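**Student:** Take a look at the following structure, please.
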Amino acid sequence: MATIPDFPIGTSTAVPGLESTFVDEMGGLSVPWQGAEVPDPKLLVLNEDLAASLRLDVDLLRSDDGVAVLAGSAVPAGAKPVAMAYAGHQFGGYAPLLGDGRALLLGELVGTDGRRADLHLKGSGPTPFSRGGDGFAVVGPMLREYLVSEAMHALGIPTTRSLSVVETGRQIYRDGIEPGAVLARVASSHLRVGTFEFAVRRGEVLQSLADYAITRHYPTLTDLPATGKNNRYLAFFEEVLEAQASLVARWTLVGFVHGVMNTDNTTISGETIDYGPCAFLDAFDPAAVFSSIDHSGRYAFGNQPAVVKWNLARFAETLLALVDSEPNAAIAAVTAVLDTFDARYEHHYTAGMAAKLGFSGGSVDRTLIDDLLTLMEDHRADWTGSFRALADELRGDSTPLDRLVPREHIGPWLTRWRNAVQQQVRAPAEAADAMDRVNPLYIPRNHQLDAALRAATDGDLAPFEKLLEVVTHPFDHRDEWSEYAAPAPRSFTETFRTFCGT
Ligand code: AMP
Ligand code: MG
């Protein structure tokens, strides 16, 4: 394993103000490192609003010097870039050393909202954690992460954000030769369950890591004592569990399939991270799997809550010694918290479904939800389109729903649903408008995203830019965007697969 002796000396002034609390406070969890040379950098996309919210100067970022920082070839003055270490359970098997094999943490920025955020590069070259991988990334998958993460943000779902993608001019060998790229990602942190799995085997750093994570993400807990029944580590576990239960419920509500929910891709902050083989459902199918490497369906759409809970159990194991010095008492305490996961998920899911179906107040008859989902599954109804069609139905326009489910099948359910909606104080038209505020019209549809990424890889960014504009305005109906609301042709959905690790 090659190492460089100390932090690289930065000279770029394009990204001033980078701080490094993680590096300074969490010794042993990262390695000083820097990105590879970039032969011919070209800025493909820059998120100007996000840059401004991080107090970054957009003109500076667009300059040669700025693009070099975003590509990983120039180091900002005063920065302490590192590759972070972590472990993880991948598809259920434990890998004791993963880490940033093609990524760098450049440092932290405090945004205009006062919140600390990591600035991180993905695809910046080999590191001591590359394990035989080339350390690089390519244009298609980096633009995919950019667009899907920004779409998730626009949908109101906690997620890492994307600041830029730079094409590097390097040729990368995948299935064939692909253009290289670096994504600049912004996250409230890059602490993962896998970070704790790594730290717990290094004993003494575990408590400082937990305290660091608490201060950064759940600062109200810092007042709690370190030991005793009401200790801050058990409360910390509960906060992470709540954040993840809420997150995975939000994924379900928009039909999002993450695709590679390993513990190194499960954040402590509760943000969605690592958009690899992810996809949004077209037709509703709880068994939907899009990833080409998920042969067993472990990370299928309907399995996501169970997998998050499994990942949280791995997280709990890392915290046992902090929760109680007596092992059986520690296990009992974390198990009691873990056992609340199903009810918490159910609460977020049911409240979200109530809103999607036009009910105010957060509750709805569970059989009404389940019976609708059975109909949607039987008829392979488009997930996103169905909820918009139901709102149209309330307004008296039955055409959209007729395209999705035959009336003779959905008729009795519609009667039950209408009756329930009419029992509310608000008028059905008002309920329909409220539904349209929570049910997106535009999501990154697989067939459109695929086509846009193929064009971008061949040098035409126009379809990507257009799709990005549409999916970052998911609730704004525009007549000229109608093709983006339409389901994929069935021939496409039956064969669609996404590919991991690219
Ligand atoms: P991911 O599936 O992106 O969450 O990555 C899982 C692990 O594989 C992480 O440790 C990555 O850094 C590493 N990895 C993925 N792709 C590459 C690559 N091309 N070169 C080196 N490491 C990689
Ligand atoms: Mg990952």
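Here, A, B, ... name the chains of the structure tokens in the order displayed, residue numbers run from 1 inside each chain, and ligands are numbered from 1 in the same displayed order.
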Around ligand 1, at most 10 Å away and counting only C-alpha atoms and all ligand atoms, which residues are there? Put them as a PyMOL selection string, please.
**Tutor:** chain A and resi 83-88+90+95+97-104+122-138+172-174+259-266+273-277+500-502
**Student:** For the residues in that selection, give me N, CA and C atoms as a short mmCIF file (atom, residue, chain, number, x, y, z; two decimals), in the first residue's frame.
**Tutor:**
```cif
data_model
loop_
_atom_site.label_atom_id
_atom_site.label_comp_id
_atom_site.auth_asym_id
_atom_site.auth_seq_id
_atom_site.Cartn_x
_atom_site.Cartn_y
_atom_site.Cartn_z
N ALA A 83 -8.60 10.26 1.88
CA ALA A 83 -9.46 9.12 1.56
C ALA A 83 -9.94 8.58 2.90
N MET A 84 -11.25 8.44 3.06
CA MET A 84 -11.81 7.98 4.34
C MET A 84 -11.81 6.46 4.39
N ALA A 85 -11.57 5.95 5.59
CA ALA A 85 -11.59 4.49 5.80
C ALA A 85 -12.98 4.08 6.28
N TYR A 86 -13.44 2.96 5.83
CA TYR A 86 -14.65 2.36 6.39
C TYR A 86 -14.68 0.88 6.04
N ALA A 87 -15.52 0.16 6.77
CA ALA A 87 -15.75 -1.26 6.48
C ALA A 87 -17.17 -1.37 5.93
N GLY A 88 -17.73 -2.57 5.86
CA GLY A 88 -19.12 -2.66 5.47
C GLY A 88 -19.57 -4.07 5.20
N GLN A 90 -21.47 -6.07 2.60
CA GLN A 90 -21.92 -5.95 1.21
C GLN A 90 -22.70 -7.21 0.86
N ALA A 95 -16.97 -7.05 4.87
CA ALA A 95 -15.68 -6.65 4.28
C ALA A 95 -15.02 -5.70 5.29
N LEU A 97 -12.31 -3.95 5.27
CA LEU A 97 -11.68 -2.72 4.82
C LEU A 97 -12.17 -2.36 3.42
N LEU A 98 -13.04 -1.35 3.38
CA LEU A 98 -13.45 -0.80 2.08
C LEU A 98 -12.77 0.55 1.95
N GLY A 99 -13.46 1.61 2.31
CA GLY A 99 -12.86 2.95 2.24
C GLY A 99 -13.03 3.58 0.87
N ASP A 100 -12.63 4.85 0.79
CA ASP A 100 -12.76 5.60 -0.47
C ASP A 100 -11.75 5.08 -1.49
N GLY A 101 -12.20 4.15 -2.33
CA GLY A 101 -11.30 3.58 -3.32
C GLY A 101 -11.17 4.43 -4.57
N ARG A 102 -12.07 5.40 -4.70
CA ARG A 102 -11.98 6.29 -5.86
C ARG A 102 -12.54 7.66 -5.51
N ALA A 103 -12.39 8.02 -4.24
CA ALA A 103 -13.02 9.26 -3.77
C ALA A 103 -12.10 9.96 -2.79
N LEU A 104 -12.38 11.23 -2.58
CA LEU A 104 -11.62 12.05 -1.63
C LEU A 104 -12.57 12.96 -0.88
N LYS A 122 -15.76 12.14 -6.31
CA LYS A 122 -15.91 10.72 -6.63
C LYS A 122 -15.36 10.50 -8.04
N GLY A 123 -14.39 9.60 -8.15
CA GLY A 123 -13.78 9.33 -9.46
C GLY A 123 -12.44 10.03 -9.63
N SER A 124 -11.84 10.44 -8.49
CA SER A 124 -10.65 11.30 -8.53
C SER A 124 -9.34 10.54 -8.61
N GLY A 125 -9.40 9.22 -8.75
CA GLY A 125 -8.15 8.46 -8.92
C GLY A 125 -7.92 7.46 -7.81
N PRO A 126 -6.95 6.55 -8.03
CA PRO A 126 -6.70 5.49 -7.05
C PRO A 126 -6.24 6.02 -5.70
N THR A 127 -6.57 5.26 -4.66
CA THR A 127 -6.18 5.60 -3.28
C THR A 127 -5.67 4.31 -2.63
N PRO A 128 -5.18 4.39 -1.40
CA PRO A 128 -4.77 3.15 -0.72
C PRO A 128 -5.92 2.16 -0.52
N PHE A 129 -7.17 2.60 -0.77
CA PHE A 129 -8.31 1.70 -0.58
C PHE A 129 -8.87 1.16 -1.90
N SER A 130 -8.12 1.28 -2.97
CA SER A 130 -8.70 0.93 -4.29
C SER A 130 -8.88 -0.56 -4.52
N ARG A 131 -8.15 -1.40 -3.81
CA ARG A 131 -8.34 -2.87 -3.88
C ARG A 131 -8.44 -3.38 -5.32
N GLY A 132 -7.60 -2.99 -6.19
CA GLY A 132 -7.64 -3.55 -7.54
C GLY A 132 -8.53 -2.80 -8.50
N GLY A 133 -9.37 -1.88 -7.98
CA GLY A 133 -10.17 -1.03 -8.85
C GLY A 133 -9.27 0.06 -9.43
N ASP A 134 -9.72 0.71 -10.50
CA ASP A 134 -8.85 1.70 -11.14
C ASP A 134 -8.90 3.08 -10.48
N GLY A 135 -9.87 3.28 -9.58
CA GLY A 135 -9.96 4.57 -8.89
C GLY A 135 -10.72 5.63 -9.66
N PHE A 136 -11.22 5.27 -10.83
CA PHE A 136 -11.87 6.30 -11.67
C PHE A 136 -13.36 6.06 -11.81
N ALA A 137 -14.02 7.02 -12.40
CA ALA A 137 -15.45 6.93 -12.68
C ALA A 137 -15.68 7.47 -14.08
N VAL A 138 -16.84 7.20 -14.64
CA VAL A 138 -17.09 7.62 -16.02
C VAL A 138 -18.31 8.53 -16.12
N ILE A 172 -11.33 5.54 -19.88
CA ILE A 172 -11.47 4.55 -18.81
C ILE A 172 -11.99 3.26 -19.43
N TYR A 173 -11.44 2.15 -18.99
CA TYR A 173 -11.85 0.86 -19.55
C TYR A 173 -12.96 0.26 -18.70
N ARG A 174 -14.13 0.12 -19.29
CA ARG A 174 -15.25 -0.57 -18.64
C ARG A 174 -15.64 -1.71 -19.58
N GLY A 259 -30.90 0.00 -4.70
CA GLY A 259 -30.14 -0.98 -5.49
C GLY A 259 -28.93 -1.57 -4.81
N VAL A 260 -28.26 -0.81 -3.92
CA VAL A 260 -27.06 -1.39 -3.30
C VAL A 260 -26.94 -0.89 -1.86
N MET A 261 -27.89 -1.40 -1.05
CA MET A 261 -28.03 -0.90 0.32
C MET A 261 -27.08 -1.62 1.27
N ASN A 262 -25.82 -1.63 0.95
CA ASN A 262 -24.82 -2.18 1.86
C ASN A 262 -24.64 -1.23 3.03
N THR A 263 -24.05 -1.72 4.13
CA THR A 263 -23.95 -0.86 5.32
C THR A 263 -23.01 0.33 5.08
N ASP A 264 -22.13 0.22 4.09
CA ASP A 264 -21.27 1.38 3.78
C ASP A 264 -22.05 2.41 2.97
N ASN A 265 -23.25 2.09 2.55
CA ASN A 265 -24.09 3.06 1.86
C ASN A 265 -25.29 3.45 2.72
N THR A 266 -25.18 3.26 4.03
CA THR A 266 -26.25 3.66 4.96
C THR A 266 -25.67 4.75 5.86
N ILE A 273 -27.48 8.04 0.03
CA ILE A 273 -26.12 8.21 -0.51
C ILE A 273 -25.83 7.12 -1.53
N ASP A 274 -24.96 7.44 -2.47
CA ASP A 274 -24.43 6.50 -3.46
C ASP A 274 -25.47 6.00 -4.45
N TYR A 275 -25.62 6.79 -5.48
CA TYR A 275 -26.57 6.46 -6.53
C TYR A 275 -25.86 5.63 -7.59
N GLY A 276 -25.88 4.33 -7.39
CA GLY A 276 -25.29 3.43 -8.38
C GLY A 276 -26.40 2.85 -9.23
N PRO A 277 -26.74 1.60 -8.95
CA PRO A 277 -27.75 0.94 -9.79
C PRO A 277 -29.17 1.26 -9.34
N CYS A 500 -23.70 -1.65 -11.59
CA CYS A 500 -23.09 -1.14 -10.37
C CYS A 500 -21.58 -0.97 -10.56
N GLY A 501 -20.98 -0.15 -9.72
CA GLY A 501 -19.52 -0.10 -9.63
C GLY A 501 -18.85 0.50 -10.84
N THR A 502 -19.57 1.33 -11.60
CA THR A 502 -19.00 1.83 -12.85
C THR A 502 -18.50 3.25 -12.71
#
```
**Student:** Just want the 7 Å neighbourhood of segment 241-250 of chain A, counted on only C-alpha atoms, with same-chain residues fewer than 6 positions away dropped. Output as a PyMOL selection string.
**Tutor:** chain A and resi 157-158+270+304-305+312+341+344-345+348-349
**Student:** Now that the selection is made, can you save its residues with C-alpha atoms as an mmCIF file, in the first residue's frame?
**Tutor:**
```cif
data_model
loop_
_atom_site.group_PDB
_atom_site.id
_atom_site.type_symbol
_atom_site.label_atom_id
_atom_site.label_comp_id
_atom_site.auth_asym_id
_atom_site.auth_seq_id
_atom_site.Cartn_x
_atom_site.Cartn_y
_atom_site.Cartn_z
ATOM 1 C CA ILE A 157 -36.132 13.490 0.314
ATOM 2 C CA PRO A 158 -32.966 13.752 2.439
ATOM 3 C CA GLY A 270 -30.261 9.757 7.324
ATOM 4 C CA GLN A 304 -35.839 -2.077 1.505
ATOM 5 C CA PRO A 305 -37.366 -1.512 4.978
ATOM 6 C CA LEU A 312 -29.281 -0.792 11.726
ATOM 7 C CA PHE A 341 -38.311 0.163 13.713
ATOM 8 C CA ARG A 344 -41.805 3.846 13.011
ATOM 9 C CA TYR A 345 -41.592 2.822 9.364
ATOM 10 C CA HIS A 348 -44.139 7.318 8.159
ATOM 11 C CA TYR A 349 -45.412 5.099 5.374
#
```
**Student:** Quick one: distance from atom CA of Leu461 of chain A to atom CA of Trp481 of chain A in Å, one decimal?
**Tutor:** 17.8 Å
**Student:** Step one, run DSSP on the backbone; step two, keep only residues of segment 277-384 of chain A assigned to helix (DSSP H, G or I); then write them as an MDAnalysis selection string.
**Tutor:** chainID A and resid 301:323 327:338 341:356 366:378 383:384
**Student:** Where in segment 18-143 of chain A does DSSP assign strand (DSSP E), given as a PyMOL selection string?
**Tutor:** chain A and resi 30-32+42-46+82-84+88-90+93-95+103-110+116-122
**Student:** May I have the selected residues written with C-alpha atoms, as a PDB file, in the first residue's frame?
**Tutor:**
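Contents of out.pdb, as written:
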```
ATOM      1  CA  SER A  30      -8.570   8.509   6.952  1.00  0.00           C
ATOM      2  CA  VAL A  31      -5.380   8.776   4.921  1.00  0.00           C
ATOM      3  CA  PRO A  32      -4.009  12.065   3.500  1.00  0.00           C
ATOM      4  CA  LYS A  42     -14.158  20.066 -19.073  1.00  0.00           C
ATOM      5  CA  LEU A  43     -16.948  21.218 -16.756  1.00  0.00           C
ATOM      6  CA  LEU A  44     -20.127  19.400 -17.847  1.00  0.00           C
ATOM      7  CA  VAL A  45     -22.536  20.677 -15.210  1.00  0.00           C
ATOM      8  CA  LEU A  46     -22.352  23.018 -12.220  1.00  0.00           C
ATOM      9  CA  VAL A  82      -8.162  12.502   2.622  1.00  0.00           C
ATOM     10  CA  ALA A  83      -9.463   9.125   1.562  1.00  0.00           C
ATOM     11  CA  MET A  84     -11.809   7.982   4.335  1.00  0.00           C
ATOM     12  CA  GLY A  88     -19.124  -2.662   5.467  1.00  0.00           C
ATOM     13  CA  HIS A  89     -21.491  -5.543   4.960  1.00  0.00           C
ATOM     14  CA  GLN A  90     -21.918  -5.955   1.211  1.00  0.00           C
ATOM     15  CA  GLY A  93     -21.020 -10.479   3.797  1.00  0.00           C
ATOM     16  CA  TYR A  94     -18.556  -8.536   5.931  1.00  0.00           C
ATOM     17  CA  ALA A  95     -15.681  -6.646   4.275  1.00  0.00           C
ATOM     18  CA  ALA A 103     -13.021   9.258  -3.772  1.00  0.00           C
ATOM     19  CA  LEU A 104     -11.618  12.049  -1.626  1.00  0.00           C
ATOM     20  CA  LEU A 105     -12.989  14.170   1.164  1.00  0.00           C
ATOM     21  CA  LEU A 106     -11.712  17.659   0.279  1.00  0.00           C
ATOM     22  CA  GLY A 107     -13.001  19.192   3.486  1.00  0.00           C
ATOM     23  CA  GLU A 108     -16.049  20.867   4.996  1.00  0.00           C
ATOM     24  CA  LEU A 109     -17.873  24.091   4.214  1.00  0.00           C
ATOM     25  CA  VAL A 110     -20.312  25.922   6.429  1.00  0.00           C
ATOM     26  CA  ARG A 116     -21.560  22.059   7.969  1.00  0.00           C
ATOM     27  CA  ALA A 117     -21.312  20.048   4.742  1.00  0.00           C
ATOM     28  CA  ASP A 118     -18.664  17.749   3.299  1.00  0.00           C
ATOM     29  CA  LEU A 119     -17.231  18.512  -0.117  1.00  0.00           C
ATOM     30  CA  HIS A 120     -16.249  15.183  -1.622  1.00  0.00           C
ATOM     31  CA  LEU A 121     -14.979  14.019  -5.006  1.00  0.00           C
ATOM     32  CA  LYS A 122     -15.905  10.717  -6.631  1.00  0.00           C
TER      33      LYS A 122
END
```
**Student:** Excluding Ala283 of chain A and its own-chain neighbours fewer than 4 positions away, which residues fall within 6 Å of it when counting only C-alpha atoms? Please give them as a ChimeraX atom specification.
**Tutor:** /A:380-383
**Student:** Rounded to one decimal in Å, what is the spacing between atom CA of Leu163 of chain A and atom CA of Asn47 of chain A?
**Tutor:**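 Atom CA of Asn47 of chain A lies 4.9 Å from atom CA of Leu163 of chain A.
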**Student:** Identify which of the residues A:Val289, A:Leu155, A:Ala488, A:Val205 lies closest to Thr472 of chain A, counting only C-alpha atoms when measuring atom-to-atom distances.
**Tutor:**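 Among A:Val289, A:Leu155, A:Ala488, A:Val205, it is A:Leu155 that comes nearest to Thr472 of chain A.
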